[in-house]
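Have a look at the structure below before the remarks.
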Amino acid sequence: MTMQSKILNMERKYAIYLPPGYETSQRSYPVLYLLHGAGDDQTGWVQFGEVQHIADKAILEGKSTSMIIVMPDANTGKRGYFNDINNEWRYEDFFFEELMPEVEKKYRIKSEKKYRAIAGLSMGGGGTFFYAMHRPDLFSSACPLSAALRNSTFEEFNQGLQTNKTQVKNTDNLQGYYDRHSALRQIELNEVEAMKSVKWYFDCGDDDFLYEGNSLVHIAMKKRDIPHEFRIRDGAHNWTYWRTSLPEVLSFVSDTFRQK
């Protein structure tokens, strides 16, 4: 599907999964926003993740409740799920201010926190973590898979900007931008009750190069007594792993949707 974005000043694509029976029913459904990794686009979960087959099967077997799954494209123009440091490319604003309202109006989606979840892999796992941290009022559950949660220091962040020759127009904003995009700083700075209002599910392979960042986040959340599921399974950073993650994600978010 395509939609027009005023914020990004371009047409944006997204893929949509509609559950069995959607066309013939009148009911509204909960929604899962499912984010792709670097190098993929809105077709990643469809083509490589086999989302249709896996979701159909999970719903049929009763392991997942019927839900709508929205897969946005974060690969066109600039890659990634965040606003850039100069606030000239505002993908995160587009996601919350344009994409979500558009799809939740177009499809029969229950637009309440209780019925809204987010998940994603790698770069999309990072997007999942930070979106739920930035807007805990919007998501009942968040499932970062093999998440890109590299916890660089402020000095390393600064050095990276210089290495990439990034022109920063307002250097007063550097610390704030770093804090907003550092996983450990988010856990440190955010209100515990807000973080607790999201059901968290982390999953990362034991041979994954992002294992350390995920483990540090797990430890930091434990220290602040934020309940979360943390899974380390046999596997690496690949689709073989994520295809086995998806049924667990569907089951986890379904449990949250079903809560009284």
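A note on labels: chains of the structure tokens are A, B, ... as shown, every chain counts residues from 1, and ligands are counted from 1 in their shown order.
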Quick one: residues within 10 Å of Ile59 (chain A), only C-alpha atoms, excluding same-chain residues fewer than 3 positions away - as an mmCIF file with all heavy atoms, in the first residue's frame?
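Heads up, here's the output in around29.cif:
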```
data_model
loop_
_atom_site.group_PDB
_atom_site.id
_atom_site.type_symbol
_atom_site.label_atom_id
_atom_site.label_comp_id
_atom_site.auth_asym_id
_atom_site.auth_seq_id
_atom_site.Cartn_x
_atom_site.Cartn_y
_atom_site.Cartn_z
ATOM 1 N N PRO A 19 -6.157 -10.531 8.873
ATOM 2 C CA PRO A 19 -6.378 -11.904 9.343
ATOM 3 C C PRO A 19 -7.488 -12.611 8.578
ATOM 4 O O PRO A 19 -8.339 -11.953 7.959
ATOM 5 C CB PRO A 19 -6.766 -11.704 10.813
ATOM 6 C CG PRO A 19 -7.374 -10.341 10.855
ATOM 7 C CD PRO A 19 -6.630 -9.523 9.837
ATOM 8 N N PRO A 20 -7.508 -13.938 8.619
ATOM 9 C CA PRO A 20 -8.574 -14.690 7.965
ATOM 10 C C PRO A 20 -9.937 -14.212 8.475
ATOM 11 O O PRO A 20 -10.125 -14.004 9.674
ATOM 12 C CB PRO A 20 -8.307 -16.144 8.397
ATOM 13 C CG PRO A 20 -6.859 -16.179 8.763
ATOM 14 C CD PRO A 20 -6.535 -14.828 9.288
ATOM 15 N N ILE A 54 2.881 -17.812 8.713
ATOM 16 C CA ILE A 54 3.081 -17.987 10.152
ATOM 17 C C ILE A 54 1.895 -17.442 10.949
ATOM 18 O O ILE A 54 1.407 -18.082 11.887
ATOM 19 C CB ILE A 54 4.406 -17.336 10.592
ATOM 20 C CG1 ILE A 54 5.598 -18.147 10.033
ATOM 21 C CG2 ILE A 54 4.503 -17.228 12.111
ATOM 22 C CD1 ILE A 54 6.947 -17.479 10.200
ATOM 23 N N ALA A 55 1.397 -16.256 10.567
ATOM 24 C CA ALA A 55 0.263 -15.666 11.287
ATOM 25 C C ALA A 55 -1.021 -16.474 11.056
ATOM 26 O O ALA A 55 -1.765 -16.747 12.002
ATOM 27 C CB ALA A 55 0.071 -14.213 10.857
ATOM 28 N N ASP A 56 -1.272 -16.862 9.802
ATOM 29 C CA ASP A 56 -2.456 -17.686 9.512
ATOM 30 C C ASP A 56 -2.458 -18.951 10.366
ATOM 31 O O ASP A 56 -3.477 -19.334 10.950
ATOM 32 C CB ASP A 56 -2.484 -18.095 8.027
ATOM 33 C CG ASP A 56 -2.954 -16.976 7.106
ATOM 34 O OD1 ASP A 56 -3.372 -15.921 7.621
ATOM 35 O OD2 ASP A 56 -2.901 -17.168 5.873
ATOM 36 N N GLY A 62 -5.026 -21.369 17.298
ATOM 37 C CA GLY A 62 -5.428 -20.744 18.559
ATOM 38 C C GLY A 62 -4.277 -20.219 19.393
ATOM 39 O O GLY A 62 -4.452 -19.843 20.558
ATOM 40 N N LYS A 63 -3.072 -20.171 18.812
ATOM 41 C CA LYS A 63 -1.907 -19.662 19.545
ATOM 42 C C LYS A 63 -1.812 -18.141 19.471
ATOM 43 O O LYS A 63 -1.055 -17.517 20.214
ATOM 44 C CB LYS A 63 -0.630 -20.302 18.996
ATOM 45 C CG LYS A 63 -0.564 -21.808 19.285
ATOM 46 C CD LYS A 63 0.595 -22.471 18.584
ATOM 47 C CE LYS A 63 0.596 -23.986 18.852
ATOM 48 N NZ LYS A 63 1.579 -24.698 18.048
ATOM 49 N N SER A 64 -2.562 -17.577 18.537
ATOM 50 C CA SER A 64 -2.586 -16.126 18.364
ATOM 51 C C SER A 64 -4.024 -15.679 18.149
ATOM 52 O O SER A 64 -4.810 -16.382 17.516
ATOM 53 C CB SER A 64 -1.735 -15.727 17.150
ATOM 54 O OG SER A 64 -1.965 -14.372 16.802
ATOM 55 N N THR A 65 -4.360 -14.540 18.704
ATOM 56 C CA THR A 65 -5.651 -13.943 18.406
ATOM 57 C C THR A 65 -5.588 -13.310 17.015
ATOM 58 O O THR A 65 -4.506 -13.007 16.504
ATOM 59 C CB THR A 65 -6.025 -12.898 19.470
ATOM 60 O OG1 THR A 65 -7.372 -12.491 19.274
ATOM 61 C CG2 THR A 65 -5.129 -11.672 19.402
ATOM 62 N N SER A 66 -6.728 -13.120 16.372
ATOM 63 C CA SER A 66 -6.747 -12.454 15.065
ATOM 64 C C SER A 66 -6.299 -11.009 15.224
ATOM 65 O O SER A 66 -6.775 -10.308 16.125
ATOM 66 C CB SER A 66 -8.159 -12.489 14.472
ATOM 67 O OG SER A 66 -8.504 -13.808 14.133
ATOM 68 N N MET A 67 -5.381 -10.594 14.388
ATOM 69 C CA MET A 67 -4.888 -9.216 14.458
ATOM 70 C C MET A 67 -4.480 -8.726 13.076
ATOM 71 O O MET A 67 -4.259 -9.512 12.154
ATOM 72 C CB MET A 67 -3.698 -9.126 15.428
ATOM 73 C CG MET A 67 -2.444 -9.831 14.963
ATOM 74 S SD MET A 67 -1.070 -9.756 16.165
ATOM 75 C CE MET A 67 -1.536 -11.055 17.308
ATOM 76 N N PRO A 247 6.221 -16.678 15.776
ATOM 77 C CA PRO A 247 5.082 -17.305 16.467
ATOM 78 C C PRO A 247 5.048 -16.976 17.963
ATOM 79 O O PRO A 247 3.973 -16.788 18.542
ATOM 80 C CB PRO A 247 5.317 -18.808 16.248
ATOM 81 C CG PRO A 247 6.172 -18.892 15.031
ATOM 82 C CD PRO A 247 7.044 -17.682 15.072
ATOM 83 N N LEU A 250 3.717 -13.412 18.323
ATOM 84 C CA LEU A 250 2.266 -13.371 18.124
ATOM 85 C C LEU A 250 1.533 -13.876 19.362
ATOM 86 O O LEU A 250 0.508 -13.315 19.766
ATOM 87 C CB LEU A 250 1.871 -14.198 16.897
ATOM 88 C CG LEU A 250 2.408 -13.683 15.559
ATOM 89 C CD1 LEU A 250 2.073 -14.654 14.437
ATOM 90 C CD2 LEU A 250 1.849 -12.297 15.239
ATOM 91 N N SER A 251 2.059 -14.915 19.969
ATOM 92 C CA SER A 251 1.464 -15.466 21.189
ATOM 93 C C SER A 251 1.592 -14.470 22.356
ATOM 94 O O SER A 251 0.632 -14.250 23.109
ATOM 95 C CB SER A 251 2.163 -16.784 21.541
ATOM 96 O OG SER A 251 1.716 -17.268 22.780
ATOM 97 N N SER A 254 -0.656 -11.449 21.860
ATOM 98 C CA SER A 254 -2.048 -11.896 21.998
ATOM 99 C C SER A 254 -2.455 -11.979 23.457
ATOM 100 O O SER A 254 -3.572 -11.600 23.836
ATOM 101 C CB SER A 254 -2.250 -13.266 21.341
ATOM 102 O OG SER A 254 -2.107 -13.177 19.939
#
```
Select from region 93-201 of chain A every residue with an atom at most 10 Å from any atom of region 227-237 of chain A, then for each give the shortest pair of atoms and their distance in Å to one decimal, using only C-alpha atoms, rows by chain and rising number, as JSON lines.
```
{"residue": "A:Leu121", "atom": "CA", "partner": "A:His237", "partner_atom": "CA", "distance": 9.2}
{"residue": "A:Ser122", "atom": "CA", "partner": "A:His237", "partner_atom": "CA", "distance": 8.1}
{"residue": "A:Ala142", "atom": "CA", "partner": "A:His228", "partner_atom": "CA", "distance": 9.8}
{"residue": "A:Cys143", "atom": "CA", "partner": "A:Glu229", "partner_atom": "CA", "distance": 9.2}
{"residue": "A:Pro144", "atom": "CA", "partner": "A:Phe230", "partner_atom": "CA", "distance": 10.0}
{"residue": "A:Leu145", "atom": "CA", "partner": "A:Arg231", "partner_atom": "CA", "distance": 9.5}
{"residue": "A:Ser146", "atom": "CA", "partner": "A:His237", "partner_atom": "CA", "distance": 6.9}
{"residue": "A:Ala147", "atom": "CA", "partner": "A:His237", "partner_atom": "CA", "distance": 9.8}
{"residue": "A:Met195", "atom": "CA", "partner": "A:Pro227", "partner_atom": "CA", "distance": 9.0}
{"residue": "A:Lys196", "atom": "CA", "partner": "A:Pro227", "partner_atom": "CA", "distance": 6.7}
{"residue": "A:Ser197", "atom": "CA", "partner": "A:Pro227", "partner_atom": "CA", "distance": 9.6}
{"residue": "A:Val198", "atom": "CA", "partner": "A:His228", "partner_atom": "CA", "distance": 9.0}
{"residue": "A:Lys199", "atom": "CA", "partner": "A:His228", "partner_atom": "CA", "distance": 6.5}
{"residue": "A:Trp200", "atom": "CA", "partner": "A:His228", "partner_atom": "CA", "distance": 4.7}
{"residue": "A:Tyr201", "atom": "CA", "partner": "A:Glu229", "partner_atom": "CA", "distance": 4.6}
```
Item to check | Polymer residues at most 12 Å from region 131-137 of chain A, only C-alpha atoms, same-chain spacing of 2 or more positions, as a VMD selection string | outcome: chain A and resid 33 to 35 81 to 83 91 to 93 95 to 96 111 to 120 124 to 129 139 to 144 179 to 201
Item to check | Selected residue of minimal separation from Gly44 (chain A) among A:Trp239, A:Phe154, A:Trp89, A:Phe130, counting only C-alpha atoms | outcome: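 Smallest separation from Gly44 (chain A) among the options: A:Trp239.
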Item to check | Proximity to Asn173 (chain A) - best of A:Leu18, A:Ile219, A:Lys78, A:Asn158, only C-alpha atoms | outcome: A:Asn158
Item to check | Atomic distance CA of Trp45 (chain A) - CA of Asp208 (chain A), expressed in Å with one decimal | outcome: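 CA of Trp45 (chain A) sits 19.2 Å away from CA of Asp208 (chain A).
Considering only C-alpha atoms, the residue among A:Arg224, A:Lys165, A:Leu174, A:Ser245 positioned nearest to Asp203 (chain A) is A:Ser245.
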Next on the checklist: Please identify the strand (DSSP E or B) residues within region 113-225 of chain A (assignment by DSSP from backbone atoms) and present them as a PyMOL selection string.
Outcome noted: chain A and resi 116-121+141-145+199-205
Next on the checklist: Give me, as a list in words, all polymer residues having an atom no more than 12 Å from Glu11 (chain A), counting only C-alpha atoms and skipping those fewer than 6 positions away in the same chain.
Outcome noted: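 Using only C-alpha atoms, the neighbours found are Met1, Thr2, Met3, Gln4, Ser5, Asp73, Thr76, Gly77, Phe94, Glu98 and Leu99 of chain A.
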Item to check | Residues within 12 Å of Asn170 (chain A), only C-alpha atoms, excluding chain neighbours under 4 positions, as a PyMOL selection string | outcome: chain A and resi 85-87+166+174-177
Next on the checklist: Considering only C-alpha atoms, can you say which of A:Leu8, A:Leu161, A:Ala74, A:Ile68 comes closest to Gly21 (chain A)?
Outcome noted: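 Counting only C-alpha atoms, the residue closest to Gly21 (chain A) is A:Ile68.
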Next on the checklist: Which of region 9-63 of chain A end up as alpha helix (DSSP H) when DSSP is run on this backbone - answer as a PyMOL selection string?
Outcome noted: chain A and resi 44-47+51-60
